[in-house]
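The structure file structure_29.pdb is reproduced below (PDB, C-alpha atoms and all ligand atoms).
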```pdb
ATOM      1  CA  MET M 233     109.064  63.990  92.348
ATOM      2  CA  LYS M 234     109.433  64.310  88.576
ATOM      3  CA  ASP M 235     108.027  61.061  87.234
ATOM      4  CA  PHE M 236     104.561  59.941  88.314
ATOM      5  CA  ALA M 237     104.322  56.891  86.032
ATOM      6  CA  GLY M 238     103.555  53.729  88.002
ATOM      7  CA  ARG M 239     103.225  55.599  91.306
ATOM      8  CA  ILE M 240     100.160  55.496  93.535
ATOM      9  CA  ALA M 241      98.426  58.704  94.621
ATOM     10  CA  VAL M 242      95.714  59.220  97.225
ATOM     11  CA  ILE M 243      93.434  62.207  96.683
ATOM     12  CA  THR M 244      90.836  63.261  99.230
ATOM     13  CA  GLY M 245      87.867  65.158  97.823
ATOM     14  CA  GLY M 246      88.426  63.751  94.315
ATOM     15  CA  GLY M 247      84.769  64.106  93.337
ATOM     16  CA  THR M 248      84.861  67.630  91.906
ATOM     17  CA  GLY M 249      86.955  70.775  91.433
ATOM     18  CA  MET M 250      90.685  70.685  91.967
ATOM     19  CA  GLY M 251      90.667  67.065  93.210
ATOM     20  CA  ARG M 252      89.049  65.958  89.965
ATOM     21  CA  GLU M 253      91.507  67.940  87.803
ATOM     22  CA  LEU M 254      94.397  66.551  89.819
ATOM     23  CA  ALA M 255      93.150  62.975  89.322
ATOM     24  CA  ARG M 256      92.892  63.556  85.568
ATOM     25  CA  GLN M 257      96.348  65.119  85.404
ATOM     26  CA  LEU M 258      97.996  62.311  87.388
ATOM     27  CA  VAL M 259      96.266  59.564  85.419
ATOM     28  CA  ALA M 260      97.357  61.231  82.172
ATOM     29  CA  GLU M 261     100.925  60.972  83.510
ATOM     30  CA  GLY M 262     100.511  57.249  84.216
ATOM     31  CA  CYS M 263      99.909  57.465  87.972
ATOM     32  CA  ASN M 264      97.456  55.143  89.748
ATOM     33  CA  VAL M 265      94.856  57.082  91.713
ATOM     34  CA  ALA M 266      92.784  56.137  94.766
ATOM     35  CA  MET M 267      90.344  58.881  95.674
ATOM     36  CA  CYS M 268      87.831  59.400  98.436
ATOM     37  CA  ASP M 269      84.880  61.750  98.691
ATOM     38  CA  VAL M 270      81.526  61.914 100.436
ATOM     39  CA  SER M 271      79.834  61.701  97.017
ATOM     40  CA  LEU M 272      80.085  58.402  95.151
ATOM     41  CA  GLU M 273      78.273  59.931  92.188
ATOM     42  CA  ALA M 274      80.803  62.760  91.831
ATOM     43  CA  MET M 275      83.715  60.312  92.046
ATOM     44  CA  ALA M 276      82.089  58.120  89.383
ATOM     45  CA  GLU M 277      82.171  61.133  87.036
ATOM     46  CA  THR M 278      85.836  61.825  87.883
ATOM     47  CA  LYS M 279      86.647  58.177  87.197
ATOM     48  CA  ARG M 280      84.731  58.304  83.902
ATOM     49  CA  LEU M 281      86.699  61.401  82.832
ATOM     50  CA  CYS M 282      89.990  59.752  83.816
ATOM     51  CA  GLU M 283      89.139  56.623  81.885
ATOM     52  CA  ALA M 284      88.081  58.645  78.845
ATOM     53  CA  GLU M 285      91.813  59.200  78.309
ATOM     54  CA  LYS M 286      93.704  56.241  76.889
ATOM     55  CA  LEU M 287      94.979  54.675  80.109
ATOM     56  CA  PRO M 288      98.177  52.667  80.186
ATOM     57  CA  GLN M 289      97.396  48.989  80.676
ATOM     58  CA  GLY M 290      96.973  47.957  84.300
ATOM     59  CA  LEU M 291      96.571  51.512  85.610
ATOM     60  CA  ARG M 292      94.020  51.683  88.409
ATOM     61  CA  VAL M 293      91.577  54.441  89.348
ATOM     62  CA  THR M 294      89.617  53.471  92.467
ATOM     63  CA  THR M 295      86.874  55.343  94.323
ATOM     64  CA  HIS M 296      86.106  55.084  98.034
ATOM     65  CA  VAL M 297      83.358  56.777 100.008
ATOM     66  CA  ALA M 298      84.873  58.369 103.115
ATOM     67  CA  ASP M 299      84.397  61.518 105.172
ATOM     68  CA  VAL M 300      87.852  62.940 105.956
ATOM     69  CA  SER M 301      86.706  64.212 109.347
ATOM     70  CA  ILE M 302      85.975  60.654 110.545
ATOM     71  CA  GLU M 303      89.088  58.580 111.282
ATOM     72  CA  ALA M 304      87.314  55.199 111.057
ATOM     73  CA  GLN M 305      86.137  56.036 107.521
ATOM     74  CA  LEU M 306      89.655  57.020 106.439
ATOM     75  CA  GLN M 307      90.995  53.779 107.911
ATOM     76  CA  ARG M 308      88.389  51.840 105.912
ATOM     77  CA  PHE M 309      89.499  53.781 102.799
ATOM     78  CA  ARG M 310      93.113  52.754 103.514
ATOM     79  CA  ASP M 311      92.117  49.072 103.859
ATOM     80  CA  GLU M 312      90.021  49.113 100.674
ATOM     81  CA  LEU M 313      92.846  50.856  98.801
ATOM     82  CA  ALA M 314      95.375  48.216  99.890
ATOM     83  CA  GLU M 315      93.087  45.528  98.515
ATOM     84  CA  GLN M 316      91.912  47.223  95.308
ATOM     85  CA  GLN M 317      95.264  48.774  94.350
ATOM     86  CA  ALA M 318      97.078  45.612  95.555
ATOM     87  CA  THR M 319      99.698  47.559  97.503
ATOM     88  CA  ASP M 320     100.963  48.294 100.991
ATOM     89  CA  LYS M 321     102.519  51.623  99.981
ATOM     90  CA  ILE M 322     101.602  54.947  98.362
ATOM     91  CA  HIS M 323     103.831  57.688  96.921
ATOM     92  CA  LEU M 324     101.587  60.761  96.976
ATOM     93  CA  LEU M 325      98.995  62.016  99.409
ATOM     94  CA  PHE M 326      96.864  65.021  98.451
ATOM     95  CA  ASN M 327      94.852  66.249 101.422
ATOM     96  CA  ASN M 328      92.531  68.279  99.232
ATOM     97  CA  ALA M 329      88.968  67.802 100.582
ATOM     98  CA  GLY M 330      87.349  70.905 101.988
ATOM     99  CA  ILE M 331      84.114  72.825 102.357
ATOM    100  CA  GLY M 332      83.414  76.524 102.231
ATOM    101  CA  GLY M 333      83.193  78.127 105.636
ATOM    102  CA  GLY M 334      81.490  81.358 104.650
ATOM    103  CA  GLY M 335      79.979  83.072 107.603
ATOM    104  CA  SER M 336      80.890  85.222 110.497
ATOM    105  CA  LEU M 337      81.319  84.420 114.183
ATOM    106  CA  PHE M 338      78.174  86.521 114.626
ATOM    107  CA  THR M 339      76.006  84.261 112.455
ATOM    108  CA  ASN M 340      77.616  80.805 112.487
ATOM    109  CA  SER M 341      76.557  78.271 115.117
ATOM    110  CA  ARG M 342      79.191  76.332 117.030
ATOM    111  CA  GLU M 343      78.173  73.223 115.026
ATOM    112  CA  GLN M 344      78.817  75.018 111.715
ATOM    113  CA  TRP M 345      82.154  76.289 113.030
ATOM    114  CA  GLU M 346      83.225  72.807 114.154
ATOM    115  CA  ARG M 347      82.107  71.129 110.930
ATOM    116  CA  THR M 348      84.212  73.500 108.803
ATOM    117  CA  PHE M 349      87.175  73.182 111.135
ATOM    118  CA  ASN M 350      86.938  69.379 111.409
ATOM    119  CA  ILE M 351      86.838  68.903 107.634
ATOM    120  CA  CYS M 352      89.238  71.632 106.467
ATOM    121  CA  TRP M 353      91.841  71.160 109.176
ATOM    122  CA  GLY M 354      90.966  67.869 110.949
ATOM    123  CA  GLY M 355      90.761  66.085 107.601
ATOM    124  CA  VAL M 356      94.358  67.061 106.800
ATOM    125  CA  TYR M 357      95.673  65.870 110.155
ATOM    126  CA  LEU M 358      93.706  62.594 109.961
ATOM    127  CA  GLY M 359      94.780  62.092 106.347
ATOM    128  CA  VAL M 360      98.450  62.300 107.309
ATOM    129  CA  ARG M 361      97.910  60.146 110.390
ATOM    130  CA  THR M 362      96.075  57.440 108.426
ATOM    131  CA  PHE M 363      98.351  57.257 105.385
ATOM    132  CA  LEU M 364     101.791  57.913 106.881
ATOM    133  CA  PRO M 365     102.508  54.166 107.387
ATOM    134  CA  LEU M 366     101.958  53.601 103.630
ATOM    135  CA  LEU M 367     104.069  56.638 102.665
ATOM    136  CA  LEU M 368     106.920  55.419 104.868
ATOM    137  CA  LYS M 369     107.117  52.192 102.847
ATOM    138  CA  ALA M 370     107.707  54.009  99.519
ATOM    139  CA  ASP M 371     111.243  54.766  98.250
ATOM    140  CA  GLU M 372     110.253  58.438  97.968
ATOM    141  CA  ALA M 373     106.961  60.080  98.865
ATOM    142  CA  HIS M 374     105.272  63.476  98.983
ATOM    143  CA  ILE M 375     102.375  64.920 100.973
ATOM    144  CA  VAL M 376     100.541  67.982  99.631
ATOM    145  CA  ASN M 377      98.148  69.755 101.986
ATOM    146  CA  THR M 378      95.634  72.253 100.613
ATOM    147  CA  SER M 379      95.428  75.496 102.552
ATOM    148  CA  SER M 380      94.173  78.659 100.856
ATOM    149  CA  VAL M 381      94.917  82.299 100.288
ATOM    150  CA  ASN M 382      92.723  82.572 103.401
ATOM    151  CA  GLY M 383      95.534  80.728 105.218
ATOM    152  CA  PHE M 384      97.803  83.763 105.073
ATOM    153  CA  TRP M 385      95.331  86.586 104.536
ATOM    154  CA  ALA M 386      92.031  86.129 106.384
ATOM    155  CA  SER M 387      89.749  87.778 103.805
ATOM    156  CA  VAL M 388      90.604  91.246 105.100
ATOM    157  CA  GLY M 389      89.241  93.821 102.711
ATOM    158  CA  LEU M 390      87.004  91.429 100.764
ATOM    159  CA  GLY M 391      83.912  92.349 102.759
ATOM    160  CA  VAL M 392      83.215  88.715 103.677
ATOM    161  CA  SER M 393      83.883  86.815 106.929
ATOM    162  CA  HIS M 394      85.255  83.284 106.797
ATOM    163  CA  THR M 395      86.255  82.844 110.438
ATOM    164  CA  ALA M 396      86.280  79.028 110.751
ATOM    165  CA  TYR M 397      87.592  78.532 107.211
ATOM    166  CA  SER M 398      90.455  80.980 107.706
ATOM    167  CA  ALA M 399      91.358  79.550 111.114
ATOM    168  CA  ALA M 400      91.392  76.043 109.611
ATOM    169  CA  LYS M 401      93.487  77.083 106.619
ATOM    170  CA  PHE M 402      96.010  78.916 108.854
ATOM    171  CA  ALA M 403      96.214  75.673 110.869
ATOM    172  CA  VAL M 404      96.902  73.662 107.694
ATOM    173  CA  LYS M 405      99.785  75.987 106.810
ATOM    174  CA  GLY M 406     101.254  75.885 110.334
ATOM    175  CA  PHE M 407     100.845  72.121 110.575
ATOM    176  CA  THR M 408     102.572  71.633 107.218
ATOM    177  CA  GLU M 409     105.551  73.767 108.246
ATOM    178  CA  ALA M 410     105.918  71.778 111.480
ATOM    179  CA  LEU M 411     105.447  68.495 109.601
ATOM    180  CA  ILE M 412     108.190  69.380 107.099
ATOM    181  CA  ASN M 413     110.578  69.644 110.029
ATOM    182  CA  ASP M 414     109.240  66.495 111.694
ATOM    183  CA  LEU M 415     109.695  64.494 108.471
ATOM    184  CA  ARG M 416     113.184  65.912 107.896
ATOM    185  CA  LEU M 417     114.172  64.543 111.313
ATOM    186  CA  ASN M 418     112.295  61.239 111.222
ATOM    187  CA  ALA M 419     111.595  60.238 107.608
ATOM    188  CA  PRO M 420     113.646  62.354 105.178
ATOM    189  CA  HIS M 421     112.431  60.425 102.123
ATOM    190  CA  VAL M 422     108.923  61.836 102.705
ATOM    191  CA  LYS M 423     108.564  65.458 101.580
ATOM    192  CA  CYS M 424     105.669  67.721 102.361
ATOM    193  CA  SER M 425     104.328  70.972 100.950
ATOM    194  CA  VAL M 426     101.325  73.217 101.201
ATOM    195  CA  VAL M 427      99.332  74.664  98.315
ATOM    196  CA  MET M 428      97.573  77.982  98.915
ATOM    197  CA  PRO M 429      95.288  78.641  95.957
ATOM    198  CA  GLY M 430      93.693  81.985  95.315
ATOM    199  CA  HIS M 431      90.184  82.247  93.937
ATOM    200  CA  ILE M 432      89.385  79.184  91.813
ATOM    201  CA  GLY M 433      86.066  78.686  90.005
ATOM    202  CA  THR M 434      84.807  75.433  91.613
ATOM    203  CA  SER M 435      81.636  74.342  93.411
ATOM    204  CA  ILE M 436      83.050  75.322  96.826
ATOM    205  CA  VAL M 437      82.863  78.961  95.709
ATOM    206  CA  SER M 438      79.395  78.804  94.150
ATOM    207  CA  ASN M 439      78.017  76.823  97.136
ATOM    208  CA  SER M 440      79.275  79.304  99.715
ATOM    209  CA  ARG M 441      78.003  82.178  97.561
ATOM    210  CA  LYS M 442      74.532  80.578  97.604
ATOM    211  CA  VAL M 443      74.681  80.116 101.404
ATOM    212  CA  GLN M 444      75.741  83.732 101.887
ATOM    213  CA  SER M 445      73.117  85.193  99.558
ATOM    214  CA  GLY M 446      70.425  82.753 100.752
ATOM    215  CA  THR M 447      69.413  82.130  97.123
ATOM    216  CA  GLU M 448      70.048  79.523  94.452
ATOM    217  CA  SER M 449      71.355  82.257  92.156
ATOM    218  CA  ASP M 450      74.434  81.530  90.069
ATOM    219  CA  GLU M 451      75.192  85.244  89.728
ATOM    220  CA  LEU M 452      78.750  86.165  90.636
ATOM    221  CA  SER M 453      79.230  88.256  93.778
ATOM    222  CA  GLU M 454      80.907  91.663  93.555
ATOM    223  CA  THR M 455      84.012  90.140  95.125
ATOM    224  CA  GLU M 456      84.187  87.476  92.428
ATOM    225  CA  ILE M 457      83.649  89.994  89.656
ATOM    226  CA  GLY M 458      86.457  92.099  91.159
ATOM    227  CA  LEU M 459      88.780  89.109  91.296
ATOM    228  CA  ALA M 460      87.910  88.088  87.745
ATOM    229  CA  ARG M 461      88.670  91.649  86.553
ATOM    230  CA  GLN M 462      92.059  91.490  88.227
ATOM    231  CA  ARG M 463      92.610  88.123  86.488
ATOM    232  CA  MET M 464      92.784  86.546  89.929
ATOM    233  CA  LYS M 465      90.075  83.954  89.380
ATOM    234  CA  GLY M 466      91.565  80.646  88.225
ATOM    235  CA  MET M 467      90.284  77.198  87.351
ATOM    236  CA  GLY M 468      90.926  73.796  88.967
ATOM    237  CA  ILE M 469      93.331  72.898  86.180
ATOM    238  CA  ASP M 470      95.550  75.892  87.150
ATOM    239  CA  VAL M 471      96.269  74.220  90.495
ATOM    240  CA  ALA M 472      96.367  70.632  89.225
ATOM    241  CA  ALA M 473      98.827  71.480  86.448
ATOM    242  CA  MET M 474     101.413  73.171  88.654
ATOM    243  CA  SER M 475     104.128  71.063  87.019
ATOM    244  CA  ASP M 476     103.555  73.101  83.848
ATOM    245  CA  GLN M 477     106.143  75.911  83.752
ATOM    246  CA  ASP M 478     103.904  78.477  82.017
ATOM    247  CA  ILE M 479     101.076  77.935  84.472
ATOM    248  CA  GLN M 480     103.515  78.174  87.387
ATOM    249  CA  ASN M 481     104.864  81.470  86.103
ATOM    250  CA  ALA M 482     101.355  82.862  85.623
ATOM    251  CA  ALA M 483     100.384  81.740  89.150
ATOM    252  CA  ARG M 484     103.519  83.375  90.637
ATOM    253  CA  GLU M 485     102.714  86.591  88.817
ATOM    254  CA  ARG M 486      99.147  86.532  90.161
ATOM    255  CA  ALA M 487     100.352  85.806  93.702
ATOM    256  CA  ARG M 488     102.850  88.685  93.487
ATOM    257  CA  SER M 489     100.220  91.219  92.430
ATOM    258  CA  PHE M 490      97.852  89.813  95.060
ATOM    259  CA  LEU M 491     100.400  90.362  97.838
ATOM    260  CA  GLU M 492     101.240  93.821  96.546
ATOM    261  CA  ASP M 493      97.529  94.732  96.575
ATOM    262  CA  ALA M 494      96.783  93.168  99.968
ATOM    263  CA  PRO M 495      98.074  95.861 102.374
ATOM    264  CA  THR M 496      96.310  98.609 100.408
ATOM    265  CA  SER M 497      92.988  96.758 100.465
ATOM    266  CA  ALA M 498      93.413  95.916 104.156
ATOM    267  CA  ALA M 499      94.041  99.567 104.953
ATOM    268  CA  GLN M 500      90.905 100.562 103.039
ATOM    269  CA  ALA M 501      88.758  97.956 104.864
TER     270      ALA M 501
HETATM  271  P1  LIG M 601      85.042  71.523  95.427
HETATM  272  O1  LIG M 601      83.840  71.759  96.268
HETATM  273  O2  LIG M 601      84.862  71.455  93.960
HETATM  274  O3  LIG M 601      85.768  70.171  95.873
HETATM  275  C1  LIG M 601      85.827  69.730  97.205
HETATM  276  C2  LIG M 601      85.557  68.239  97.233
HETATM  277  O4  LIG M 601      85.698  67.790  98.599
HETATM  278  C3  LIG M 601      84.125  67.893  96.794
HETATM  279  O5  LIG M 601      84.148  66.847  95.856
HETATM  280  C4  LIG M 601      83.448  67.485  98.097
HETATM  281  O6  LIG M 601      82.412  66.530  97.933
HETATM  282  C5  LIG M 601      84.620  66.924  98.884
HETATM  283  N1  LIG M 601      84.354  66.916 100.322
HETATM  284  C6  LIG M 601      83.735  67.868 101.064
HETATM  285  N2  LIG M 601      83.663  67.483 102.343
HETATM  286  C7  LIG M 601      84.264  66.282 102.421
HETATM  287  C8  LIG M 601      84.510  65.374 103.476
HETATM  288  N3  LIG M 601      84.098  65.634 104.725
HETATM  289  N4  LIG M 601      85.155  64.229 103.203
HETATM  290  C9  LIG M 601      85.540  63.937 101.934
HETATM  291  N5  LIG M 601      85.341  64.751 100.896
HETATM  292  C10 LIG M 601      84.707  65.901 101.134
HETATM  293  O7  LIG M 601      86.075  72.650  95.825
HETATM  294  P2  LIG M 601      87.605  72.918  95.433
HETATM  295  O8  LIG M 601      87.715  74.360  95.187
HETATM  296  O9  LIG M 601      88.090  71.970  94.406
HETATM  297  O10 LIG M 601      88.293  72.643  96.842
HETATM  298  C11 LIG M 601      89.428  71.807  97.006
HETATM  299  C12 LIG M 601      90.284  72.359  98.124
HETATM  300  O11 LIG M 601      90.828  73.623  97.735
HETATM  301  C13 LIG M 601      89.525  72.638  99.432
HETATM  302  O12 LIG M 601      90.338  72.264 100.527
HETATM  303  C14 LIG M 601      89.333  74.144  99.417
HETATM  304  O13 LIG M 601      89.207  74.675 100.708
HETATM  305  C15 LIG M 601      90.614  74.576  98.758
HETATM  306  N6  LIG M 601      90.611  75.906  98.164
HETATM  307  C16 LIG M 601      89.675  76.261  97.228
HETATM  308  C17 LIG M 601      89.720  77.541  96.676
HETATM  309  C18 LIG M 601      88.737  77.996  95.618
HETATM  310  O14 LIG M 601      88.667  79.207  95.365
HETATM  311  N7  LIG M 601      87.995  77.115  94.995
HETATM  312  C19 LIG M 601      90.697  78.441  97.101
HETATM  313  C20 LIG M 601      91.611  78.046  98.055
HETATM  314  C21 LIG M 601      91.556  76.777  98.587
END
```
Write the structure described by the file as structure tokens, please.
Amino acid sequence: MKDFAGRIAVITGGGTGMGRELARQLVAEGCNVAMCDVSLEAMAETKRLCEAEKLPQGLRVTTHVADVSIEAQLQRFRDELAEQQATDKIHLLFNNAGIGGGGSLFTNSREQWERTFNICWGGVYLGVRTFLPLLLKADEAHIVNTSSVNGFWASVGLGVSHTAYSAAKFAVKGFTEALINDLRLNAPHVKCSVVMPGHIGTSIVSNSRKVQSGTESDELSETEIGLARQRMKGMGIDVAAMSDQDIQNAARERARSFLEDAPTSAAQA
């Protein structure tokens, strides 16, 4: 999809990080945005930042409190959106919401494991399930699911365990590949893709660092310093602005060096 003007996008987890940058980018391109998050306060800030740009007349940015792991809350979001955006269709669905799942099978409780899995993977499945009827009504539509570098390389060699997070992000990648085929057969006007960001400086990273270190310290971990040195630490805007050719080329270059480095690091682990 080349032109976002006048379209309607749904973003889950629009309160901070990449979801916020995405909302700002889409609004700047004239796209209406309906976002959900567990934090109303965070979404209010995203909305304020979006509206700080000079919005085209009539463009709508709406905020909806919903937990992506709870189907009834997503259905309420869908109903509110239909009313507040005055539409029965959407063109873009960004299943972006997620939480850090730092922690090993040896330390995480089953509840922690399930929470990470239900949000990072369940939220993507429920997002598609809830919004597919609205995507089907658009002339063309696109679903973007957020996996992670942990969805193809489960933190081997980084000295940190992310068992539930990696399992969930692998599931997002596998689900997306199967969904691409399903849509091709049943609804070819709906496209689907997966985004697999590397290390991006957002609150998900600092929060899981604090959980792992057991402190409130904002000091970067050795892993993060290593990634920053290799120029592999990006910002939310790097992912949100993937339509920008220069940023795409830089991201490809980073991904290439990351993949080239991966087997060596894994062997050293
Ligand atoms: P972030 O913490 O800044 O943003 C995540 C947003 O999701 C927050 O606003 C949070 O409140 C919201 N959220 C959390 N649980 C939710 C729930 N149950 N329902 C609704 N909203 C919920 O982090 P981010 O880095 O912008 O993360 C966005 C996505 O990118 C996540 O899926 C994350 O796993 C993925 N990702 C992040 C990185 C990274 O390095 N930051 C790398 C790869 C993938």
_Selection result of the PyMOL selection byres (((not hetatm)) within 6 of (chain M and resi 601)) on this file, as number ranges by chain_ = M: 244-251, 269-271, 298-301, 328-331, 351, 378-381, 429-437
*Pick from M:His296, M:Arg342, M:Lys401, M:Arg416, whichever lies nearest to Phe384 (chain M) using all atoms listed in the file*: M:Lys401
*Would you translate the PyMOL selection byres (((chain M and resi 353) around 10) and not hetatm) into the concrete set of residues it matches in this file, as a PyMOL selection string?*
chain M and resi 300-301+327+329-330+347-352+354-359+377-379+396-397+399-405+407
*asked:* Give me, as number ranges by chain, all polymer residues having an atom no more than 12 Å from Arg310 (chain M), counting all atoms listed in the file and skipping those fewer than 2 positions away in the same chain.
replied: M: 241-244, 266-268, 294-298, 300, 303-308, 312-322, 325, 358-367
*Quick one: everything within 12 Å of Arg256 (chain M), counting all atoms listed in the file, minus sequence neighbours fewer than 2 positions away in the same chain. Send it as a PyMOL selection string.*
chain M and resi 241+243+246-254+258-267+275+277-287+293+468-469+472-473
*How many Å lie between CA of Glu372 (chain M) and CA of Val422 (chain M), rounded to one decimal?*
6.0 Å
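Computed from the coordinates, the CA of Phe236 (chain M) to CA of His421 (chain M) distance equals 15.9 Å.
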*Quick one: pull the distance between CA of Leu368 (chain M) and CA of Cys424 (chain M), Å, one decimal.*
12.6 Å
Skipping near chain neighbours, those fewer than 4 positions away, what residues fall within 6 Å of Leu324 (chain M) using only C-alpha atoms, listed as a short mmCIF file (atom, residue, chain, number, x, y, z; two decimals) with C-alpha atoms, in the coordinates of the input?
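Output (result_30.cif):
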```cif
data_model
loop_
_atom_site.label_atom_id
_atom_site.label_comp_id
_atom_site.auth_asym_id
_atom_site.auth_seq_id
_atom_site.Cartn_x
_atom_site.Cartn_y
_atom_site.Cartn_z
CA ALA M 241 98.43 58.70 94.62
CA ALA M 373 106.96 60.08 98.86
CA HIS M 374 105.27 63.48 98.98
CA ILE M 375 102.38 64.92 100.97
#
```
Might I get the box with edges along x, y and z of the file that holds all atoms of region 366-376 of chain M listed there, padded by 8 Å on every side, given as centre and edge lengths in Å to one decimal, as lines of an AutoDock Vina configuration file?
```
center_x = 105.9
center_y = 60.1
center_z = 101.4
size_x = 26.7
size_y = 31.8
size_z = 22.9
```
Where atoms are missing, can you supply N, CA and C atoms for region 297-314 of chain M and output the lot as a PDB file, keeping the file's coordinate frame?
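See part04.pdb below for the written result:
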```pdb
ATOM      1  N   VAL M 297      84.153  55.796  99.269  1.00  0.00           N
ATOM      2  CA  VAL M 297      83.358  56.777 100.008  1.00  0.00           C
ATOM      3  C   VAL M 297      83.929  56.911 101.413  1.00  0.00           C
ATOM      4  N   ALA M 298      84.367  58.120 101.754  1.00  0.00           N
ATOM      5  CA  ALA M 298      84.873  58.369 103.115  1.00  0.00           C
ATOM      6  C   ALA M 298      84.791  59.849 103.425  1.00  0.00           C
ATOM      7  N   ASP M 299      84.424  60.139 104.657  1.00  0.00           N
ATOM      8  CA  ASP M 299      84.397  61.518 105.172  1.00  0.00           C
ATOM      9  C   ASP M 299      85.737  61.743 105.880  1.00  0.00           C
ATOM     10  N   VAL M 300      86.494  62.742 105.416  1.00  0.00           N
ATOM     11  CA  VAL M 300      87.852  62.940 105.956  1.00  0.00           C
ATOM     12  C   VAL M 300      87.864  63.371 107.425  1.00  0.00           C
ATOM     13  N   SER M 301      86.718  63.788 107.941  1.00  0.00           N
ATOM     14  CA  SER M 301      86.706  64.212 109.347  1.00  0.00           C
ATOM     15  C   SER M 301      86.443  63.032 110.287  1.00  0.00           C
ATOM     16  N   ILE M 302      86.265  61.832 109.708  1.00  0.00           N
ATOM     17  CA  ILE M 302      85.975  60.654 110.545  1.00  0.00           C
ATOM     18  C   ILE M 302      87.085  59.614 110.354  1.00  0.00           C
ATOM     19  N   GLU M 303      87.885  59.414 111.397  1.00  0.00           N
ATOM     20  CA  GLU M 303      89.088  58.580 111.282  1.00  0.00           C
ATOM     21  C   GLU M 303      88.748  57.157 110.842  1.00  0.00           C
ATOM     22  N   ALA M 304      87.663  56.591 111.398  1.00  0.00           N
ATOM     23  CA  ALA M 304      87.314  55.199 111.057  1.00  0.00           C
ATOM     24  C   ALA M 304      87.019  55.062 109.564  1.00  0.00           C
ATOM     25  N   GLN M 305      86.444  56.107 108.958  1.00  0.00           N
ATOM     26  CA  GLN M 305      86.137  56.036 107.521  1.00  0.00           C
ATOM     27  C   GLN M 305      87.413  56.122 106.689  1.00  0.00           C
ATOM     28  N   LEU M 306      88.369  56.940 107.154  1.00  0.00           N
ATOM     29  CA  LEU M 306      89.655  57.020 106.439  1.00  0.00           C
ATOM     30  C   LEU M 306      90.416  55.697 106.573  1.00  0.00           C
ATOM     31  N   GLN M 307      90.309  55.074 107.739  1.00  0.00           N
ATOM     32  CA  GLN M 307      90.995  53.779 107.911  1.00  0.00           C
ATOM     33  C   GLN M 307      90.388  52.719 107.000  1.00  0.00           C
ATOM     34  N   ARG M 308      89.052  52.788 106.821  1.00  0.00           N
ATOM     35  CA  ARG M 308      88.389  51.840 105.912  1.00  0.00           C
ATOM     36  C   ARG M 308      88.853  52.097 104.472  1.00  0.00           C
ATOM     37  N   PHE M 309      88.974  53.393 104.121  1.00  0.00           N
ATOM     38  CA  PHE M 309      89.499  53.781 102.799  1.00  0.00           C
ATOM     39  C   PHE M 309      90.896  53.173 102.598  1.00  0.00           C
ATOM     40  N   ARG M 310      91.742  53.299 103.609  1.00  0.00           N
ATOM     41  CA  ARG M 310      93.113  52.754 103.514  1.00  0.00           C
ATOM     42  C   ARG M 310      93.084  51.238 103.287  1.00  0.00           C
ATOM     43  N   ASP M 311      92.192  50.530 104.004  1.00  0.00           N
ATOM     44  CA  ASP M 311      92.117  49.072 103.859  1.00  0.00           C
ATOM     45  C   ASP M 311      91.597  48.678 102.478  1.00  0.00           C
ATOM     46  N   GLU M 312      90.576  49.413 102.009  1.00  0.00           N
ATOM     47  CA  GLU M 312      90.021  49.113 100.674  1.00  0.00           C
ATOM     48  C   GLU M 312      91.080  49.362  99.602  1.00  0.00           C
ATOM     49  N   LEU M 313      91.796  50.477  99.764  1.00  0.00           N
ATOM     50  CA  LEU M 313      92.846  50.856  98.801  1.00  0.00           C
ATOM     51  C   LEU M 313      93.901  49.746  98.717  1.00  0.00           C
ATOM     52  N   ALA M 314      94.331  49.259  99.879  1.00  0.00           N
ATOM     53  CA  ALA M 314      95.375  48.216  99.890  1.00  0.00           C
ATOM     54  C   ALA M 314      94.908  47.002  99.089  1.00  0.00           C
TER      55      ALA M 314
END
```
